[in-house]
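Novice: First, the structure itself, so that you have it in front of you.
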Amino acid sequence: MVESVETVGCWDKTACQCPKYGGVRTCGPADHHAVGTMLRSAVILLARRWTTRVDEVLAEGGLTAGQLAVLNLLTQRPSGLTQREAADALALSEAVMSTRVSGLLAAGLVERQALKGDRRAHLLRLTDRGREAAHVWSACSSCVQHSVESAVSLQDLSTALAVLSRMNAALGEHDCSVTTDADTAPQPRGFAPRPEQAPTLGV
């Protein structure tokens, strides 16, 4: 994958030059690109503020939003999960999961049980206290979510979800390679050709 992409404006278009493949391509209208950039920043800011607010609420119970996510996951899997399985389910590294689990173990909300047939593996399971904490603090977390949701209509929420789902799908399909005409010479870094001359991605 490409580590970075330089983006430069070109008349009414945005041209991206890939430092790995050397080609220049038009990515679309400049205003479309600008709004997309603002949307990305808004999503990142919303995620940070939302998590921070939830953490503030959960701090009273000695929990973080990340730890509550682990408790809720284990609530759905009463038979238990290995730490690796829990990390995969929440799309986390084992290091991050280990930190979250350590705090939950220390608080007596989660326990480790040896996995039958494999002495090296252990299942994570909720304790009674952990099950109660998951119920109580999930309700408190829902209050934060309600305050966010109430600021917009159901229609707007549905539209936002649909848009973000499509953008997530596009990221999953993203290919950094640049396809250009064989007779088109690579342009110098940072150069944006006129829109009608700019090579585009093959569709």
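Identifiers in the structure tokens: chain A, B, ... in order shown; residue index from 1 per chain; ligand index from 1 in order shown.
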Using only C-alpha atoms, determine which residues lie at most 10 Å from range 63-80 of chain A, disregarding the query and same-chain residues fewer than 3 positions distant; provide the list as an MDAnalysis selection string.
Specialist: chainID A and resid 50:60 83 85:87 89:90 96:97 99:104 107 109:113 115 122:127 130:135 137:138 141
Novice: With only C-alpha atoms as the atoms that count, which of A:Leu161, A:Ala91, A:Arg120, A:Leu154 lies nearest to Val43 in chain A?
Specialist: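 Ranked by minimum distance to Val43 in chain A, first place goes to A:Leu161.
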Novice: Would you mind reading off the distance between CA of Gly36 in chain A and CA of Gln145 in chain A, one decimal, in Å?
Specialist: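 So the two atoms, CA of Gly36 in chain A and CA of Gln145 in chain A, lie 24.7 Å apart.
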Novice: In Å, rounded to a single decimal, give me how far CA of Gly172 in chain A is from CA of Arg84 in chain A.
Specialist: 22.9 Å
Novice: Write out as a PDB file with N, CA and C atoms, in the first residue's frame all residues of range 47-100 of chain A that backbone DSSP assigns to helix (DSSP H, G or I).
Specialist:
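In the end it all went to out.pdb:
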ATOM      1  N   ALA A  47     -16.089  10.902  16.897  1.00  0.00           N
ATOM      2  CA  ALA A  47     -15.688   9.664  17.576  1.00  0.00           C
ATOM      3  C   ALA A  47     -14.908   9.974  18.850  1.00  0.00           C
ATOM      4  N   ARG A  48     -14.002  10.954  18.769  1.00  0.00           N
ATOM      5  CA  ARG A  48     -13.205  11.310  19.942  1.00  0.00           C
ATOM      6  C   ARG A  48     -14.070  11.901  21.042  1.00  0.00           C
ATOM      7  N   ARG A  49     -14.954  12.834  20.670  1.00  0.00           N
ATOM      8  CA  ARG A  49     -15.810  13.475  21.669  1.00  0.00           C
ATOM      9  C   ARG A  49     -16.784  12.480  22.286  1.00  0.00           C
ATOM     10  N   TRP A  50     -17.332  11.603  21.463  1.00  0.00           N
ATOM     11  CA  TRP A  50     -18.283  10.611  21.945  1.00  0.00           C
ATOM     12  C   TRP A  50     -17.597   9.690  22.958  1.00  0.00           C
ATOM     13  N   THR A  51     -16.415   9.183  22.587  1.00  0.00           N
ATOM     14  CA  THR A  51     -15.685   8.291  23.485  1.00  0.00           C
ATOM     15  C   THR A  51     -15.286   9.003  24.770  1.00  0.00           C
ATOM     16  N   THR A  52     -14.847  10.256  24.644  1.00  0.00           N
ATOM     17  CA  THR A  52     -14.452  11.026  25.824  1.00  0.00           C
ATOM     18  C   THR A  52     -15.630  11.219  26.768  1.00  0.00           C
ATOM     19  N   ARG A  53     -16.796  11.546  26.195  1.00  0.00           N
ATOM     20  CA  ARG A  53     -17.989  11.762  27.029  1.00  0.00           C
ATOM     21  C   ARG A  53     -18.412  10.472  27.724  1.00  0.00           C
ATOM     22  N   VAL A  54     -18.376   9.354  26.993  1.00  0.00           N
ATOM     23  CA  VAL A  54     -18.731   8.069  27.595  1.00  0.00           C
ATOM     24  C   VAL A  54     -17.742   7.714  28.702  1.00  0.00           C
ATOM     25  N   ASP A  55     -16.451   7.960  28.455  1.00  0.00           N
ATOM     26  CA  ASP A  55     -15.431   7.684  29.473  1.00  0.00           C
ATOM     27  C   ASP A  55     -15.678   8.505  30.738  1.00  0.00           C
ATOM     28  N   GLU A  56     -16.108   9.757  30.561  1.00  0.00           N
ATOM     29  CA  GLU A  56     -16.393  10.611  31.722  1.00  0.00           C
ATOM     30  C   GLU A  56     -17.529  10.028  32.560  1.00  0.00           C
ATOM     31  N   VAL A  57     -18.554   9.516  31.875  1.00  0.00           N
ATOM     32  CA  VAL A  57     -19.693   8.925  32.577  1.00  0.00           C
ATOM     33  C   VAL A  57     -19.284   7.626  33.275  1.00  0.00           C
ATOM     34  N   LEU A  58     -18.504   6.795  32.558  1.00  0.00           N
ATOM     35  CA  LEU A  58     -18.128   5.492  33.092  1.00  0.00           C
ATOM     36  C   LEU A  58     -17.063   5.567  34.177  1.00  0.00           C
ATOM     37  N   ALA A  59     -16.376   6.698  34.236  1.00  0.00           N
ATOM     38  CA  ALA A  59     -15.302   6.850  35.234  1.00  0.00           C
ATOM     39  C   ALA A  59     -15.834   6.651  36.655  1.00  0.00           C
ATOM     40  N   GLU A  60     -17.088   6.982  36.877  1.00  0.00           N
ATOM     41  CA  GLU A  60     -17.692   6.817  38.206  1.00  0.00           C
ATOM     42  C   GLU A  60     -17.687   5.349  38.617  1.00  0.00           C
ATOM     43  N   GLY A  61     -17.785   4.470  37.627  1.00  0.00           N
ATOM     44  CA  GLY A  61     -17.763   3.037  37.915  1.00  0.00           C
ATOM     45  C   GLY A  61     -16.401   2.421  37.741  1.00  0.00           C
ATOM     46  N   ALA A  65     -14.755   3.246  28.118  1.00  0.00           N
ATOM     47  CA  ALA A  65     -15.623   2.781  27.032  1.00  0.00           C
ATOM     48  C   ALA A  65     -15.085   1.489  26.432  1.00  0.00           C
ATOM     49  N   GLY A  66     -13.762   1.393  26.339  1.00  0.00           N
ATOM     50  CA  GLY A  66     -13.153   0.177  25.797  1.00  0.00           C
ATOM     51  C   GLY A  66     -13.411  -1.033  26.667  1.00  0.00           C
ATOM     52  N   GLN A  67     -13.335  -0.863  27.982  1.00  0.00           N
ATOM     53  CA  GLN A  67     -13.591  -1.978  28.892  1.00  0.00           C
ATOM     54  C   GLN A  67     -15.058  -2.385  28.864  1.00  0.00           C
ATOM     55  N   LEU A  68     -15.947  -1.396  28.751  1.00  0.00           N
ATOM     56  CA  LEU A  68     -17.367  -1.717  28.665  1.00  0.00           C
ATOM     57  C   LEU A  68     -17.659  -2.522  27.402  1.00  0.00           C
ATOM     58  N   ALA A  69     -16.951  -2.205  26.320  1.00  0.00           N
ATOM     59  CA  ALA A  69     -17.132  -2.965  25.081  1.00  0.00           C
ATOM     60  C   ALA A  69     -16.764  -4.434  25.295  1.00  0.00           C
ATOM     61  N   VAL A  70     -15.726  -4.691  26.083  1.00  0.00           N
ATOM     62  CA  VAL A  70     -15.328  -6.070  26.388  1.00  0.00           C
ATOM     63  C   VAL A  70     -16.409  -6.758  27.219  1.00  0.00           C
ATOM     64  N   LEU A  71     -16.924  -6.061  28.230  1.00  0.00           N
ATOM     65  CA  LEU A  71     -17.978  -6.630  29.068  1.00  0.00           C
ATOM     66  C   LEU A  71     -19.215  -6.969  28.238  1.00  0.00           C
ATOM     67  N   ASN A  72     -19.599  -6.055  27.353  1.00  0.00           N
ATOM     68  CA  ASN A  72     -20.776  -6.299  26.518  1.00  0.00           C
ATOM     69  C   ASN A  72     -20.563  -7.476  25.574  1.00  0.00           C
ATOM     70  N   LEU A  73     -19.341  -7.603  25.070  1.00  0.00           N
ATOM     71  CA  LEU A  73     -19.027  -8.734  24.189  1.00  0.00           C
ATOM     72  C   LEU A  73     -19.161 -10.045  24.954  1.00  0.00           C
ATOM     73  N   LEU A  74     -18.630 -10.091  26.168  1.00  0.00           N
ATOM     74  CA  LEU A  74     -18.697 -11.315  26.967  1.00  0.00           C
ATOM     75  C   LEU A  74     -20.124 -11.609  27.418  1.00  0.00           C
ATOM     76  N   THR A  75     -20.953 -10.569  27.527  1.00  0.00           N
ATOM     77  CA  THR A  75     -22.362 -10.774  27.846  1.00  0.00           C
ATOM     78  C   THR A  75     -23.043 -11.576  26.742  1.00  0.00           C
ATOM     79  N   GLN A  76     -22.635 -11.303  25.510  1.00  0.00           N
ATOM     80  CA  GLN A  76     -23.202 -12.002  24.357  1.00  0.00           C
ATOM     81  C   GLN A  76     -22.648 -13.413  24.193  1.00  0.00           C
ATOM     82  N   GLN A  83      -8.748 -14.578  24.786  1.00  0.00           N
ATOM     83  CA  GLN A  83      -8.368 -13.173  24.611  1.00  0.00           C
ATOM     84  C   GLN A  83      -8.171 -12.845  23.132  1.00  0.00           C
ATOM     85  N   ARG A  84      -7.626 -13.804  22.369  1.00  0.00           N
ATOM     86  CA  ARG A  84      -7.434 -13.606  20.934  1.00  0.00           C
ATOM     87  C   ARG A  84      -8.769 -13.462  20.223  1.00  0.00           C
ATOM     88  N   GLU A  85      -9.732 -14.300  20.579  1.00  0.00           N
ATOM     89  CA  GLU A  85     -11.054 -14.226  19.959  1.00  0.00           C
ATOM     90  C   GLU A  85     -11.733 -12.904  20.289  1.00  0.00           C
ATOM     91  N   ALA A  86     -11.586 -12.457  21.536  1.00  0.00           N
ATOM     92  CA  ALA A  86     -12.184 -11.182  21.940  1.00  0.00           C
ATOM     93  C   ALA A  86     -11.545 -10.023  21.181  1.00  0.00           C
ATOM     94  N   ALA A  87     -10.227 -10.082  21.024  1.00  0.00           N
ATOM     95  CA  ALA A  87      -9.520  -9.026  20.292  1.00  0.00           C
ATOM     96  C   ALA A  87      -9.974  -8.976  18.838  1.00  0.00           C
ATOM     97  N   ASP A  88     -10.116 -10.142  18.219  1.00  0.00           N
ATOM     98  CA  ASP A  88     -10.565 -10.199  16.822  1.00  0.00           C
ATOM     99  C   ASP A  88     -11.984  -9.665  16.677  1.00  0.00           C
ATOM    100  N   ALA A  89     -12.841 -10.012  17.622  1.00  0.00           N
ATOM    101  CA  ALA A  89     -14.246  -9.582  17.554  1.00  0.00           C
ATOM    102  C   ALA A  89     -14.377  -8.073  17.649  1.00  0.00           C
ATOM    103  N   GLU A  94      -3.817  -7.593  20.245  1.00  0.00           N
ATOM    104  CA  GLU A  94      -3.779  -8.340  21.497  1.00  0.00           C
ATOM    105  C   GLU A  94      -3.214  -7.489  22.622  1.00  0.00           C
ATOM    106  N   ALA A  95      -2.300  -6.571  22.296  1.00  0.00           N
ATOM    107  CA  ALA A  95      -1.704  -5.705  23.312  1.00  0.00           C
ATOM    108  C   ALA A  95      -2.771  -4.810  23.948  1.00  0.00           C
ATOM    109  N   VAL A  96      -3.625  -4.209  23.099  1.00  0.00           N
ATOM    110  CA  VAL A  96      -4.691  -3.344  23.610  1.00  0.00           C
ATOM    111  C   VAL A  96      -5.691  -4.162  24.420  1.00  0.00           C
ATOM    112  N   MET A  97      -6.054  -5.330  23.890  1.00  0.00           N
ATOM    113  CA  MET A  97      -6.995  -6.186  24.607  1.00  0.00           C
ATOM    114  C   MET A  97      -6.425  -6.626  25.952  1.00  0.00           C
ATOM    115  N   SER A  98      -5.141  -6.915  25.983  1.00  0.00           N
ATOM    116  CA  SER A  98      -4.498  -7.339  27.224  1.00  0.00           C
ATOM    117  C   SER A  98      -4.596  -6.256  28.291  1.00  0.00           C
ATOM    118  N   THR A  99      -4.410  -4.997  27.881  1.00  0.00           N
ATOM    119  CA  THR A  99      -4.504  -3.878  28.821  1.00  0.00           C
ATOM    120  C   THR A  99      -5.917  -3.760  29.372  1.00  0.00           C
ATOM    121  N   ARG A 100      -6.917  -3.879  28.495  1.00  0.00           N
ATOM    122  CA  ARG A 100      -8.308  -3.776  28.934  1.00  0.00           C
ATOM    123  C   ARG A 100      -8.674  -4.915  29.882  1.00  0.00           C
TER     124      ARG A 100
END
